[in-house]
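Student: Sharing run_39.cif (mmCIF, C-alpha atoms and all ligand atoms) below.
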data_query
#
loop_
_atom_site.label_atom_id
_atom_site.label_comp_id
_atom_site.auth_asym_id
_atom_site.auth_seq_id
_atom_site.Cartn_x
_atom_site.Cartn_y
_atom_site.Cartn_z
CA MET J 3 -24.00 19.09 0.25
CA PHE J 4 -21.15 19.73 2.70
CA GLU J 5 -21.85 23.40 3.56
CA ASN J 6 -23.40 22.64 6.92
CA TYR J 7 -21.44 19.51 7.70
CA LYS J 8 -18.78 19.61 10.38
CA PHE J 9 -16.14 17.16 9.17
CA THR J 10 -14.87 14.81 11.89
CA ALA J 11 -11.93 13.18 10.05
CA ALA J 12 -9.21 15.39 11.56
CA GLU J 13 -10.57 15.18 15.11
CA ARG J 14 -10.69 11.39 14.83
CA PHE J 15 -7.27 11.25 13.21
CA LEU J 16 -5.65 13.19 16.07
CA ARG J 17 -6.99 10.59 18.52
CA TYR J 18 -6.23 7.48 16.44
CA VAL J 19 -2.57 8.36 15.82
CA GLN J 20 -1.93 8.39 19.56
CA ILE J 21 -2.76 4.70 19.73
CA ASP J 22 0.37 2.65 18.95
CA THR J 23 -0.47 0.11 16.22
CA GLN J 24 2.93 -0.75 14.81
CA SER J 25 3.01 -4.18 13.10
CA ASP J 26 5.94 -6.60 13.40
CA PRO J 27 7.50 -8.42 10.41
CA GLN J 28 9.13 -11.02 12.72
CA SER J 29 5.91 -12.09 14.39
CA SER J 30 3.93 -15.13 13.27
CA LEU J 31 0.85 -14.09 15.28
CA GLN J 32 -2.34 -12.75 13.69
CA PRO J 33 -2.45 -9.80 14.03
CA THR J 34 1.35 -9.61 14.32
CA THR J 35 1.00 -7.27 17.34
CA ALA J 36 -1.93 -7.43 19.78
CA LYS J 37 -1.90 -3.63 20.21
CA GLN J 38 -3.42 -3.20 16.74
CA LYS J 39 -6.63 -4.51 18.27
CA ASP J 40 -6.72 -1.50 20.65
CA LEU J 41 -7.57 0.70 17.70
CA GLY J 42 -9.76 -1.95 16.01
CA LYS J 43 -11.91 -2.24 19.10
CA LEU J 44 -12.25 1.53 19.44
CA LEU J 45 -13.28 1.81 15.78
CA ALA J 46 -15.94 -0.88 16.14
CA ASP J 47 -17.28 0.89 19.24
CA GLU J 48 -17.33 4.28 17.54
CA LEU J 49 -19.08 2.83 14.47
CA LYS J 50 -21.76 1.43 16.77
CA LYS J 51 -22.14 4.85 18.38
CA ILE J 52 -22.54 6.41 14.94
CA GLY J 53 -25.43 3.98 14.46
CA ILE J 54 -23.94 1.06 12.56
CA ALA J 55 -25.41 -1.92 14.32
CA ASP J 56 -23.33 -4.73 12.81
CA ALA J 57 -19.89 -3.15 13.39
CA HIS J 58 -17.48 -5.57 15.04
CA MET J 59 -13.85 -6.65 15.22
CA ASP J 60 -13.00 -10.33 14.72
CA GLU J 61 -10.35 -12.40 16.52
CA PHE J 62 -7.71 -11.49 13.90
CA GLY J 63 -8.21 -7.75 14.31
CA TYR J 64 -10.31 -7.10 11.18
CA VAL J 65 -13.18 -4.61 11.58
CA TYR J 66 -16.30 -5.12 9.45
CA ALA J 67 -19.32 -2.81 9.24
CA THR J 68 -22.24 -2.07 6.93
CA ILE J 69 -23.76 1.29 6.04
CA PRO J 70 -27.27 0.31 4.92
CA SER J 71 -28.59 1.28 1.48
CA THR J 72 -30.84 4.36 1.18
CA THR J 73 -32.17 3.56 -2.29
CA SER J 74 -34.74 1.23 -3.79
CA LYS J 75 -32.39 0.60 -6.74
CA LYS J 76 -30.21 -2.49 -6.93
CA VAL J 77 -26.69 -1.09 -6.59
CA PRO J 78 -23.41 -3.07 -6.50
CA VAL J 79 -22.04 -3.25 -2.96
CA ILE J 80 -18.86 -1.19 -2.64
CA CYS J 81 -16.34 -1.34 0.16
CA PHE J 82 -13.98 1.27 1.58
CA CYS J 83 -10.89 -0.21 3.15
CA ALA J 84 -7.95 1.12 5.19
CA HIS J 85 -5.27 -0.42 7.39
CA VAL J 86 -4.86 0.28 11.09
CA ASP J 87 -1.18 -0.65 11.47
CA THR J 88 1.83 1.64 11.03
CA ALA J 89 5.17 0.78 9.46
CA PRO J 90 7.94 -0.95 11.44
CA ASP J 91 10.50 1.45 9.86
CA CYS J 92 9.93 4.25 12.37
CA SER J 93 8.64 4.38 15.97
CA GLY J 94 4.90 4.69 16.44
CA THR J 95 5.01 4.82 20.26
CA GLY J 96 3.90 8.02 21.98
CA VAL J 97 2.91 9.91 18.82
CA LYS J 98 2.16 13.56 19.68
CA PRO J 99 0.31 15.12 16.74
CA ILE J 100 0.57 18.87 16.22
CA VAL J 101 -1.78 21.00 14.10
CA HIS J 102 -0.05 23.89 12.32
CA LYS J 103 -2.94 26.16 11.35
CA ASN J 104 -2.97 28.35 8.26
CA TYR J 105 0.37 27.22 6.81
CA GLN J 106 2.21 30.00 4.98
CA GLY J 107 5.26 28.27 3.55
CA GLN J 108 7.46 28.60 6.63
CA ASP J 109 9.86 25.89 7.86
CA ILE J 110 8.07 23.67 10.36
CA VAL J 111 10.52 22.73 13.14
CA LEU J 112 9.39 19.68 15.09
CA PRO J 113 9.74 20.51 18.82
CA ASP J 114 10.96 17.19 20.25
CA ASP J 115 13.87 16.95 17.80
CA LYS J 116 14.71 20.33 16.32
CA THR J 117 16.86 18.73 13.61
CA GLN J 118 13.61 17.48 12.07
CA VAL J 119 12.47 20.33 9.86
CA LEU J 120 9.72 20.17 7.25
CA ARG J 121 10.78 22.48 4.42
CA LEU J 122 8.85 23.61 1.38
CA SER J 123 12.01 23.26 -0.72
CA GLU J 124 12.24 19.54 0.11
CA TYR J 125 8.51 18.77 0.00
CA PRO J 126 7.10 20.70 -2.96
CA TYR J 127 3.60 19.34 -2.29
CA LEU J 128 3.50 21.86 0.58
CA GLN J 129 3.11 24.54 -2.10
CA LYS J 130 -0.45 23.26 -2.58
CA GLN J 131 -1.15 23.56 1.16
CA MET J 132 -0.93 27.35 1.54
CA GLY J 133 -3.54 28.47 4.05
CA ASN J 134 -4.29 24.88 5.04
CA ASP J 135 -3.90 23.23 8.43
CA ILE J 136 -0.97 20.82 8.46
CA ILE J 137 -0.66 17.99 10.96
CA THR J 138 2.78 16.61 11.85
CA ALA J 139 4.23 14.48 14.63
CA SER J 140 6.59 16.04 17.20
CA GLY J 141 9.96 14.86 15.84
CA THR J 142 10.67 11.50 17.46
CA THR J 143 8.03 9.28 15.82
CA LEU J 144 6.19 8.84 12.57
CA LEU J 145 2.74 10.43 12.39
CA GLY J 146 0.78 7.43 11.16
CA SER J 147 -1.22 9.12 8.42
CA ASP J 148 -0.38 5.89 6.54
CA ASP J 149 -3.02 4.77 7.05
CA LYS J 150 -4.89 6.30 9.97
CA ALA J 151 -5.82 9.10 7.56
CA GLY J 152 -7.73 6.52 5.51
CA VAL J 153 -9.25 5.08 8.68
CA ALA J 154 -10.39 8.49 9.99
CA GLU J 155 -11.79 9.48 6.59
CA ILE J 156 -13.84 6.29 6.28
CA MET J 157 -15.12 6.81 9.83
CA ASP J 158 -16.19 10.33 8.85
CA LEU J 159 -17.84 8.98 5.70
CA ALA J 160 -19.90 6.65 7.91
CA ASN J 161 -20.80 9.57 10.18
CA PHE J 162 -21.78 11.72 7.19
CA LEU J 163 -23.93 9.11 5.46
CA ILE J 164 -25.70 8.06 8.67
CA THR J 165 -26.54 11.68 9.52
CA ASN J 166 -27.51 12.57 5.92
CA LYS J 167 -29.93 9.82 4.96
CA ASN J 168 -31.28 11.93 2.09
CA ILE J 169 -28.09 11.07 0.16
CA LYS J 170 -28.91 8.13 -2.08
CA HIS J 171 -26.45 5.24 -2.13
CA GLY J 172 -26.36 1.45 -2.16
CA THR J 173 -25.05 -0.80 0.60
CA ILE J 174 -21.57 0.28 1.64
CA LYS J 175 -19.14 -1.96 3.48
CA ILE J 176 -16.33 -0.80 5.72
CA LEU J 177 -13.21 -2.91 6.21
CA PHE J 178 -10.26 -2.09 8.47
CA THR J 179 -7.33 -4.49 8.26
CA PRO J 180 -4.21 -5.09 10.40
CA ASP J 181 -0.67 -5.86 9.19
CA GLU J 182 -0.69 -4.21 5.76
CA GLU J 183 2.82 -2.85 6.34
CA VAL J 184 4.23 -6.34 6.83
CA GLY J 185 2.46 -7.78 3.79
CA LYS J 186 -0.17 -9.73 5.73
CA GLY J 187 -3.12 -7.37 5.47
CA THR J 188 -5.23 -9.83 3.53
CA ALA J 189 -4.08 -13.02 5.29
CA LYS J 190 -7.24 -13.55 7.32
CA VAL J 191 -9.73 -11.36 5.49
CA ASP J 192 -13.14 -12.96 4.97
CA LEU J 193 -14.37 -11.64 1.65
CA LYS J 194 -17.46 -13.82 1.73
CA LYS J 195 -18.52 -12.28 5.01
CA LEU J 196 -17.65 -8.82 3.68
CA GLY J 197 -19.96 -9.39 0.72
CA ALA J 198 -18.75 -6.50 -1.45
CA ASP J 199 -18.59 -6.42 -5.26
CA PHE J 200 -15.94 -3.70 -5.62
CA GLY J 201 -13.57 -1.98 -3.24
CA TYR J 202 -11.40 1.08 -2.77
CA THR J 203 -8.43 1.28 -0.44
CA LEU J 204 -7.96 4.76 1.04
CA ASP J 205 -4.20 4.72 1.30
CA GLY J 206 -2.79 7.15 -1.26
CA GLY J 207 -1.00 10.50 -1.16
CA GLU J 208 -1.76 13.70 -3.03
CA ALA J 209 -5.37 14.92 -3.18
CA GLY J 210 -6.87 13.69 -6.45
CA SER J 211 -4.48 10.81 -6.95
CA LEU J 212 -5.82 7.42 -7.95
CA GLU J 213 -3.66 4.33 -8.28
CA ASP J 214 -4.98 1.59 -10.52
CA GLU J 215 -1.79 -0.23 -11.33
CA THR J 216 0.88 -2.13 -9.42
CA PHE J 217 3.83 -4.24 -10.46
CA SER J 218 3.39 -7.88 -11.35
CA ALA J 219 5.87 -9.80 -9.27
CA ASP J 220 7.68 -13.15 -9.26
CA GLY J 221 10.46 -14.53 -7.13
CA VAL J 222 13.29 -16.58 -8.65
CA GLN J 223 15.63 -18.84 -6.74
CA VAL J 224 18.79 -19.92 -8.49
CA VAL J 225 20.68 -22.82 -6.90
CA ILE J 226 24.25 -23.35 -8.14
CA HIS J 227 25.88 -26.74 -7.67
CA GLY J 228 29.67 -26.48 -7.73
CA VAL J 229 32.22 -29.31 -7.75
CA ILE J 230 33.75 -30.08 -4.38
CA SER J 231 36.96 -31.80 -3.37
CA HIS J 232 39.57 -31.56 -0.60
CA PRO J 233 41.09 -28.09 -0.99
CA GLY J 234 44.60 -29.51 -0.66
CA TYR J 235 44.07 -31.72 -3.70
CA ALA J 236 41.58 -29.66 -5.66
CA LYS J 237 43.74 -28.58 -8.59
CA GLY J 238 41.86 -28.91 -11.84
CA LYS J 239 38.80 -30.33 -10.09
CA MET J 240 37.14 -27.91 -7.66
CA VAL J 241 34.63 -25.36 -8.87
CA ASN J 242 33.48 -23.10 -6.01
CA ALA J 243 29.74 -22.37 -6.17
CA MET J 244 30.16 -19.06 -4.32
CA LYS J 245 32.62 -17.84 -6.95
CA ILE J 246 30.16 -18.81 -9.69
CA ALA J 247 27.52 -16.77 -7.86
CA GLY J 248 29.93 -13.82 -7.96
CA HIS J 249 30.31 -14.24 -11.73
CA ILE J 250 26.55 -14.34 -12.17
CA LEU J 251 25.98 -11.16 -10.13
CA ASP J 252 28.76 -9.44 -12.07
CA ALA J 253 27.16 -10.44 -15.37
CA LEU J 254 23.87 -8.67 -14.52
CA PRO J 255 23.36 -5.55 -16.66
CA LYS J 256 24.77 -2.50 -14.86
CA ASP J 257 22.90 0.32 -16.57
CA ARG J 258 19.42 -1.21 -16.94
CA LEU J 259 17.05 -3.81 -15.50
CA SER J 260 17.95 -2.94 -11.90
CA PRO J 261 16.02 -0.96 -9.25
CA GLU J 262 18.85 1.60 -9.13
CA SER J 263 18.72 2.23 -12.88
CA THR J 264 14.96 2.24 -13.56
CA GLU J 265 11.86 4.31 -12.82
CA GLY J 266 8.41 4.89 -14.27
CA LYS J 267 7.08 1.91 -16.16
CA ARG J 268 10.33 -0.09 -16.38
CA GLY J 269 10.73 -3.26 -14.37
CA PHE J 270 13.82 -4.98 -13.03
CA ILE J 271 15.70 -8.11 -11.96
CA HIS J 272 16.94 -7.64 -8.40
CA PRO J 273 19.08 -10.03 -6.29
CA VAL J 274 17.85 -9.79 -2.69
CA ARG J 275 19.64 -12.59 -0.87
CA ILE J 276 22.59 -14.91 -1.29
CA GLU J 277 23.44 -17.92 0.81
CA GLY J 278 25.98 -20.65 0.33
CA VAL J 279 29.07 -22.72 0.85
CA ALA J 280 31.71 -23.78 -1.69
CA GLU J 281 29.66 -26.76 -2.79
CA LYS J 282 26.30 -25.10 -3.23
CA CYS J 283 25.09 -21.53 -3.36
CA SER J 284 21.67 -19.99 -3.86
CA ILE J 285 20.70 -16.50 -5.02
CA ASP J 286 17.16 -15.16 -4.53
CA PHE J 287 15.92 -12.63 -7.04
CA ILE J 288 12.76 -10.57 -7.25
CA ILE J 289 11.45 -9.90 -10.76
CA ARG J 290 9.17 -6.90 -11.35
CA ASP J 291 7.32 -5.67 -14.42
CA PHE J 292 4.00 -3.91 -15.06
CA GLU J 293 3.24 -6.53 -17.74
CA THR J 294 2.92 -10.07 -16.50
CA ALA J 295 4.27 -11.23 -19.89
CA GLY J 296 7.31 -9.04 -19.23
CA LEU J 297 8.13 -11.12 -16.15
CA LYS J 298 8.60 -14.21 -18.31
CA LYS J 299 10.89 -12.26 -20.65
CA LYS J 300 13.05 -11.13 -17.75
CA GLU J 301 13.15 -14.64 -16.31
CA ASP J 302 14.18 -16.10 -19.68
CA PHE J 303 16.84 -13.43 -19.97
CA LEU J 304 18.19 -14.26 -16.51
CA GLN J 305 18.15 -18.01 -17.12
CA THR J 306 19.98 -17.67 -20.45
CA MET J 307 22.52 -15.30 -18.92
CA ILE J 308 23.25 -17.76 -16.10
CA ALA J 309 23.55 -20.71 -18.50
CA GLU J 310 26.08 -18.74 -20.57
CA THR J 311 28.01 -17.62 -17.51
CA ILE J 312 28.51 -21.12 -16.13
CA ARG J 313 29.15 -22.79 -19.52
CA ILE J 314 32.91 -22.37 -19.17
CA PHE J 315 32.96 -24.17 -15.80
CA PRO J 316 32.98 -27.97 -16.26
CA ASN J 317 30.40 -30.03 -14.35
CA VAL J 318 28.64 -27.06 -12.75
CA THR J 319 24.83 -27.19 -12.85
CA PHE J 320 22.07 -24.89 -11.68
CA GLU J 321 18.41 -25.01 -10.78
CA PHE J 322 16.03 -22.19 -11.62
CA HIS J 323 12.78 -21.93 -9.62
CA VAL J 324 10.10 -19.32 -10.33
CA THR J 325 7.35 -18.55 -7.80
CA GLU J 326 4.45 -16.18 -8.38
CA GLN J 327 4.24 -13.34 -5.82
CA TYR J 328 1.48 -10.95 -6.94
CA ARG J 329 -0.01 -9.51 -10.12
CA ASN J 330 -0.77 -6.05 -11.49
CA MET J 331 -4.26 -5.13 -10.27
CA LYS J 332 -4.92 -3.48 -13.64
CA GLU J 333 -5.46 -6.92 -15.17
CA VAL J 334 -8.52 -7.25 -12.94
CA LEU J 335 -9.59 -3.59 -13.01
CA ASP J 336 -9.61 -3.55 -16.83
CA LEU J 337 -12.42 -6.13 -16.68
CA HIS J 338 -14.50 -3.69 -14.61
CA PRO J 339 -13.63 -0.26 -16.07
CA GLN J 340 -16.46 1.46 -14.17
CA VAL J 341 -14.60 1.01 -10.85
CA VAL J 342 -11.86 3.43 -11.92
CA GLU J 343 -14.14 5.62 -14.10
CA TYR J 344 -16.52 6.34 -11.22
CA ALA J 345 -13.60 7.14 -8.94
CA GLU J 346 -12.28 9.64 -11.49
CA GLU J 347 -15.70 11.25 -11.72
CA ALA J 348 -16.00 11.41 -7.92
CA ILE J 349 -12.61 13.12 -7.67
CA GLU J 350 -13.68 15.72 -10.26
CA ARG J 351 -16.99 16.30 -8.45
CA ALA J 352 -14.97 17.01 -5.31
CA GLY J 353 -13.34 19.81 -7.29
CA LEU J 354 -10.01 18.08 -7.85
CA LYS J 355 -8.03 16.92 -10.87
CA THR J 356 -7.56 13.18 -11.17
CA LYS J 357 -3.95 12.10 -11.21
CA THR J 358 -3.77 8.45 -12.21
CA GLU J 359 -0.62 6.79 -10.97
CA SER J 360 1.01 3.39 -10.94
CA ILE J 361 2.65 1.91 -7.88
CA ARG J 362 6.17 0.49 -8.22
CA GLY J 363 5.32 -2.16 -5.69
CA GLY J 364 2.35 -4.22 -4.53
CA THR J 365 -0.55 -3.25 -2.29
CA ASP J 366 -3.26 -5.02 -0.42
CA GLY J 367 -5.46 -3.72 -3.22
CA SER J 368 -3.59 -5.87 -5.75
CA ARG J 369 -4.07 -8.93 -3.55
CA LEU J 370 -7.74 -8.12 -2.92
CA SER J 371 -8.26 -7.58 -6.66
CA PHE J 372 -7.06 -11.11 -7.40
CA MET J 373 -9.02 -12.52 -4.45
CA GLY J 374 -12.19 -11.31 -6.17
CA LEU J 375 -12.56 -7.73 -4.93
CA PRO J 376 -11.38 -5.33 -7.67
CA CYS J 377 -9.80 -2.58 -5.59
CA PRO J 378 -7.88 0.52 -6.79
CA ASN J 379 -6.28 2.91 -4.31
CA LEU J 380 -7.73 6.36 -3.63
CA PHE J 381 -5.84 9.28 -2.09
CA ALA J 382 -6.00 9.75 1.66
CA GLY J 383 -3.64 12.77 1.74
CA GLU J 384 -0.71 11.10 3.49
CA GLN J 385 2.76 12.55 2.76
CA ALA J 386 6.40 11.65 3.59
CA ILE J 387 5.15 8.37 4.98
CA HIS J 388 7.20 6.07 7.23
CA SER J 389 9.27 9.04 8.39
CA LYS J 390 9.44 11.52 11.25
CA LEU J 391 8.54 14.30 8.79
CA GLU J 392 5.28 12.64 7.81
CA PHE J 393 2.48 15.18 7.36
CA ILE J 394 -1.06 15.60 6.12
CA SER J 395 -3.48 18.51 5.77
CA VAL J 396 -6.93 18.64 7.32
CA GLN J 397 -8.28 19.98 4.01
CA ASP J 398 -6.96 16.98 2.02
CA MET J 399 -8.57 14.62 4.51
CA ASN J 400 -11.92 16.34 4.09
CA LYS J 401 -11.56 16.14 0.28
CA ALA J 402 -11.10 12.39 0.62
CA VAL J 403 -14.35 12.18 2.58
CA GLU J 404 -16.15 14.25 -0.07
CA THR J 405 -14.75 12.03 -2.81
CA MET J 406 -16.10 8.90 -1.13
CA VAL J 407 -19.55 10.47 -0.71
CA HIS J 408 -19.62 11.38 -4.42
CA LEU J 409 -18.44 7.89 -5.30
CA ALA J 410 -21.24 6.30 -3.30
CA GLN J 411 -23.74 8.56 -5.09
CA ILE J 412 -22.28 7.86 -8.54
CA TRP J 413 -22.64 4.11 -8.06
CA GLU J 414 -26.30 4.66 -7.18
CA GLU J 415 -26.96 7.09 -10.05
CA LYS J 416 -25.46 4.76 -12.66
CA SER J 417 -27.23 1.64 -11.44
ZN ZN D 501 -0.46 2.27 3.78
#
Just give me the structure of the file as structure tokens.

Tutor:
Amino acid sequence: MFENYKFTAAERFLRYVQIDTQSDPQSSLQPTTAKQKDLGKLLADELKKIGIADAHMDEFGYVYATIPSTTSKKVPVICFCAHVDTAPDCSGTGVKPIVHKNYQGQDIVLPDDKTQVLRLSEYPYLQKQMGNDIITASGTTLLGSDDKAGVAEIMDLANFLITNKNIKHGTIKILFTPDEEVGKGTAKVDLKKLGADFGYTLDGGEAGSLEDETFSADGVQVVIHGVISHPGYAKGKMVNAMKIAGHILDALPKDRLSPESTEGKRGFIHPVRIEGVAEKCSIDFIIRDFETAGLKKKEDFLQTMIAETIRIFPNVTFEFHVTEQYRNMKEVLDLHPQVVEYAEEAIERAGLKTKTESIRGGTDGSRLSFMGLPCPNLFAGEQAIHSKLEFISVQDMNKAVETMVHLAQIWEEKS
């Protein structure tokens, strides 16, 4: 199917990464930075050139497009989604991508800052890239494969399907979003307009990886009310709320239930912010667990622990406020097992082994899943993201395109 096809993902990628699309966590605009629209507009134009008539970018920087169905069957509408912005953690201005052809395991020294060296010993995934063409930045910026790899791959998918109309598939939607890196990627998305039944974000790492699980997440705010009096005459009366906060933080388990002591499937209770005066002090926590029921257990544990800690201080009270943040996408995906099953089959058809992973965090996919678009995360090939050593191989990008083509076909076959 791909023997005579000249993949365009890498060529597109090399152009897209040179467009600065860094998002800004401090901004209240939508998109948070206007420059993200530079890429959005280019993508809409290129989609039109490919032959997708309805491609357009809206006022918020979202790009929507439809690849028309090539089958008479009624097939669920699937969507491929990627984000155009890059992370605020590392500069995305003046990215100079470099292709290192036929990688043979050597150290890759980045020319604009020779202290930036990509070494096989530090990035074992490079072992799987022998003979491949590796793309890096030049040493002073990130590369932006997170997620311009996903963007370029979806663009190539559109190019492939439009030029190979003999491939049978249902209606396929394309969605490019701004501001994923600052947690606002779904803020202004119009799912009704998109009109898809199921989605896949293309924003993962290793070729063959498939992420169908995220944390479930709550926030907890604890407000401690101390007892205040004039410090000169406070003997036997004053209880300082900040000192109580110190006791509470000290009472947290030290060898478990924290980000620094857990990995894999274990969740945690994590204080992220403290603010106060002697009279009143608040501590913000984030609570994480793969089981939503496990959140409640951790919250009960925390509340009981605080109650016990302050019991010995007369007249001190506390408030305990829980707010929902996001939920494990698996709760939604389990209701539609075919979404993940078909993705696994597509990965195998592309000649890869499926590696199912869970994300110790949240994604736009988890938000989209609960907004009504069940949406696991497929690999895009991105590596060492948000850093100057970020890299990706051309071959992994092409495998992502192949996987999407197979996925589109599988949905049609099974309908
Ligand atoms: Zn990303």

Student: Looking at J:Thr143, J:Thr10, J:Ser123, J:Thr68, which one is nearest to J:Pro99, with distances taken over only C-alpha atoms?

Tutor: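 Looking at the shortest contact to J:Pro99, the residue is J:Thr143.
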
Student: Residues within 12 Å of ligand ZN 501 (chain D), counting all atoms listed in the file: report them as a ChimeraX atom specification.

Tutor: /J:24-25,83-90,146-153,178-185,187,203-207,363-367,379-388

Student: For J:Ile21, which residue among J:Asp40, J:Glu346, J:Asp109, J:Glu321 is the nearest when counting all atoms listed in the file?

Tutor: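 For J:Ile21, the nearest of the candidates is J:Asp40.
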
Student: Please write as a PDB file with C-alpha atoms, keeping the file's coordinate frame the list of polymer residues whose atoms come within 12 Å of (9.0, 21.9, 0.8), counting only C-alpha atoms and keeping to the coordinates of the file.

Tutor:
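Contents of point-v7.pdb, as written:
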ATOM      1  CA  TYR J 105       0.370  27.220   6.810  1.00  0.00           C
ATOM      2  CA  GLN J 106       2.210  30.000   4.980  1.00  0.00           C
ATOM      3  CA  GLY J 107       5.260  28.270   3.550  1.00  0.00           C
ATOM      4  CA  GLN J 108       7.460  28.600   6.630  1.00  0.00           C
ATOM      5  CA  ASP J 109       9.860  25.890   7.860  1.00  0.00           C
ATOM      6  CA  ILE J 110       8.070  23.670  10.360  1.00  0.00           C
ATOM      7  CA  VAL J 119      12.470  20.330   9.860  1.00  0.00           C
ATOM      8  CA  LEU J 120       9.720  20.170   7.250  1.00  0.00           C
ATOM      9  CA  ARG J 121      10.780  22.480   4.420  1.00  0.00           C
ATOM     10  CA  LEU J 122       8.850  23.610   1.380  1.00  0.00           C
ATOM     11  CA  SER J 123      12.010  23.260  -0.720  1.00  0.00           C
ATOM     12  CA  GLU J 124      12.240  19.540   0.110  1.00  0.00           C
ATOM     13  CA  TYR J 125       8.510  18.770   0.000  1.00  0.00           C
ATOM     14  CA  PRO J 126       7.100  20.700  -2.960  1.00  0.00           C
ATOM     15  CA  TYR J 127       3.600  19.340  -2.290  1.00  0.00           C
ATOM     16  CA  LEU J 128       3.500  21.860   0.580  1.00  0.00           C
ATOM     17  CA  GLN J 129       3.110  24.540  -2.100  1.00  0.00           C
ATOM     18  CA  LYS J 130      -0.450  23.260  -2.580  1.00  0.00           C
ATOM     19  CA  GLN J 131      -1.150  23.560   1.160  1.00  0.00           C
ATOM     20  CA  MET J 132      -0.930  27.350   1.540  1.00  0.00           C
ATOM     21  CA  GLN J 385       2.760  12.550   2.760  1.00  0.00           C
ATOM     22  CA  ALA J 386       6.400  11.650   3.590  1.00  0.00           C
ATOM     23  CA  LEU J 391       8.540  14.300   8.790  1.00  0.00           C
ATOM     24  CA  PHE J 393       2.480  15.180   7.360  1.00  0.00           C
TER      25      PHE J 393
END

Student: Could you tell me how far atom CA of J:Ser368 sits from atom CA of J:Lys190, in Å to one decimal place?

Tutor: 15.6 Å

Student: Quick one: pull the distance between atom CA of J:Ile164 and atom CA of J:Ile137, Å, one decimal.

Tutor: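 Taking atom CA of J:Ile164 and atom CA of J:Ile137, their separation equals 27.0 Å.
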
Student: Which one is closest to J:Met373: J:Arg17, J:Lys194, J:His232, J:Arg275? Count only C-alpha atoms.

Tutor: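 Distance minimum relative to J:Met373 lands on J:Lys194.
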
Student: Quick one: residues within 8 Å of stretch 288-300 of chain J, only C-alpha atoms, excluding same-chain residues fewer than 4 positions away - as a list in words?

Tutor: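 Everything that qualifies: Glu215, Thr216, Phe217, Ser218, Ala219, Asp220, Gly221, Val222, Lys267, Arg268, Gly269, Phe270, Ile271, His272, Pro273, Val274, Leu304, Arg329 and Asn330 of chain J.
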
Student: So what do you get for atom CA of J:Phe320 versus atom CA of J:Val224, distance-wise?

Tutor: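 Atom CA of J:Val224 lies at a distance of 6.8 Å from atom CA of J:Phe320.
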
Student: Considering all atoms listed in the file, return as a ChimeraX atom specification whatever protein or nucleic-acid residues lie within 6 Å of J:Gly201, sequence-local ones (same chain, fewer than 3 positions apart) excluded.

Tutor: /J:80-82,376-377

Student: Contacts of stretch 305-315 of chain J at 8 Å or less, counting all atoms listed in the file, minus same-chain residues fewer than 3 places along, as JSON, numbers by chain?

Tutor: {"J": [241, 246, 249, 250, 253, 301, 302, 318, 319, 322]}

Student: Take the selection from the previous step and output its residues with C-alpha atoms, as a PDB file, in the frame of the given file.

Tutor:
ATOM      1  CA  VAL J 241      34.630 -25.360  -8.870  1.00  0.00           C
ATOM      2  CA  ILE J 246      30.160 -18.810  -9.690  1.00  0.00           C
ATOM      3  CA  HIS J 249      30.310 -14.240 -11.730  1.00  0.00           C
ATOM      4  CA  ILE J 250      26.550 -14.340 -12.170  1.00  0.00           C
ATOM      5  CA  ALA J 253      27.160 -10.440 -15.370  1.00  0.00           C
ATOM      6  CA  GLU J 301      13.150 -14.640 -16.310  1.00  0.00           C
ATOM      7  CA  ASP J 302      14.180 -16.100 -19.680  1.00  0.00           C
ATOM      8  CA  VAL J 318      28.640 -27.060 -12.750  1.00  0.00           C
ATOM      9  CA  THR J 319      24.830 -27.190 -12.850  1.00  0.00           C
ATOM     10  CA  PHE J 322      16.030 -22.190 -11.620  1.00  0.00           C
TER      11      PHE J 322
END

Student: Using all atoms listed in the file, which of J:Ala57, J:Ala209, J:Val79, J:Leu45 sits nearest J:Ser395?

Tutor: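 Counting all atoms listed in the file, the residue closest to J:Ser395 is J:Ala209.
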
Student: Using all atoms listed in the file, which protein or nucleic acid residues come within 12 Å of J:Val279? Drop anything in the same chain fewer than 2 positions from it, and give the result as a list in words.

Tutor: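 Neighbouring residues, sequence-local ones excluded: Val225, Ile226, His227, Gly228, Val229, Ile230, Val241, Asn242, Ala243, Met244, Lys245, Ile246, Ala247, Ile276, Glu277, Glu281, Lys282, Cys283, Ser284 and Ile285 of chain J.
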
Student: Could you name the residues that touch J:Pro78 at 8 Å or less, counting all atoms listed in the file, but leaving out those on the same chain fewer than 3 positions away, as a VMD selection string?

Tutor: chain J and resid 172 to 173 198 to 200 413 417

Student: Selected residues, C-alpha atoms, written as a compact mmCIF listing (two decimals), keeping the file's coordinate frame, please.

Tutor:
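Below is the file result.txt, written as the result:
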# COMPACT_ATOMS: atom_id res chain seq x y z
CA GLY J 172 -26.36 1.45 -2.16
CA THR J 173 -25.05 -0.80 0.60
CA ALA J 198 -18.75 -6.50 -1.45
CA ASP J 199 -18.59 -6.42 -5.26
CA PHE J 200 -15.94 -3.70 -5.62
CA TRP J 413 -22.64 4.11 -8.06
CA SER J 417 -27.23 1.64 -11.44

Student: Which is closest to J:Arg362 among J:Asn104, J:Asp398, J:Pro261, J:Ala67, if we use only C-alpha atoms?

Tutor: J:Pro261

Student: Quick one: of J:Ala36, J:His338, J:Gly266, J:Ala410, who's nearest to J:Ile361, counting all atoms listed in the file?

Tutor: J:Gly266
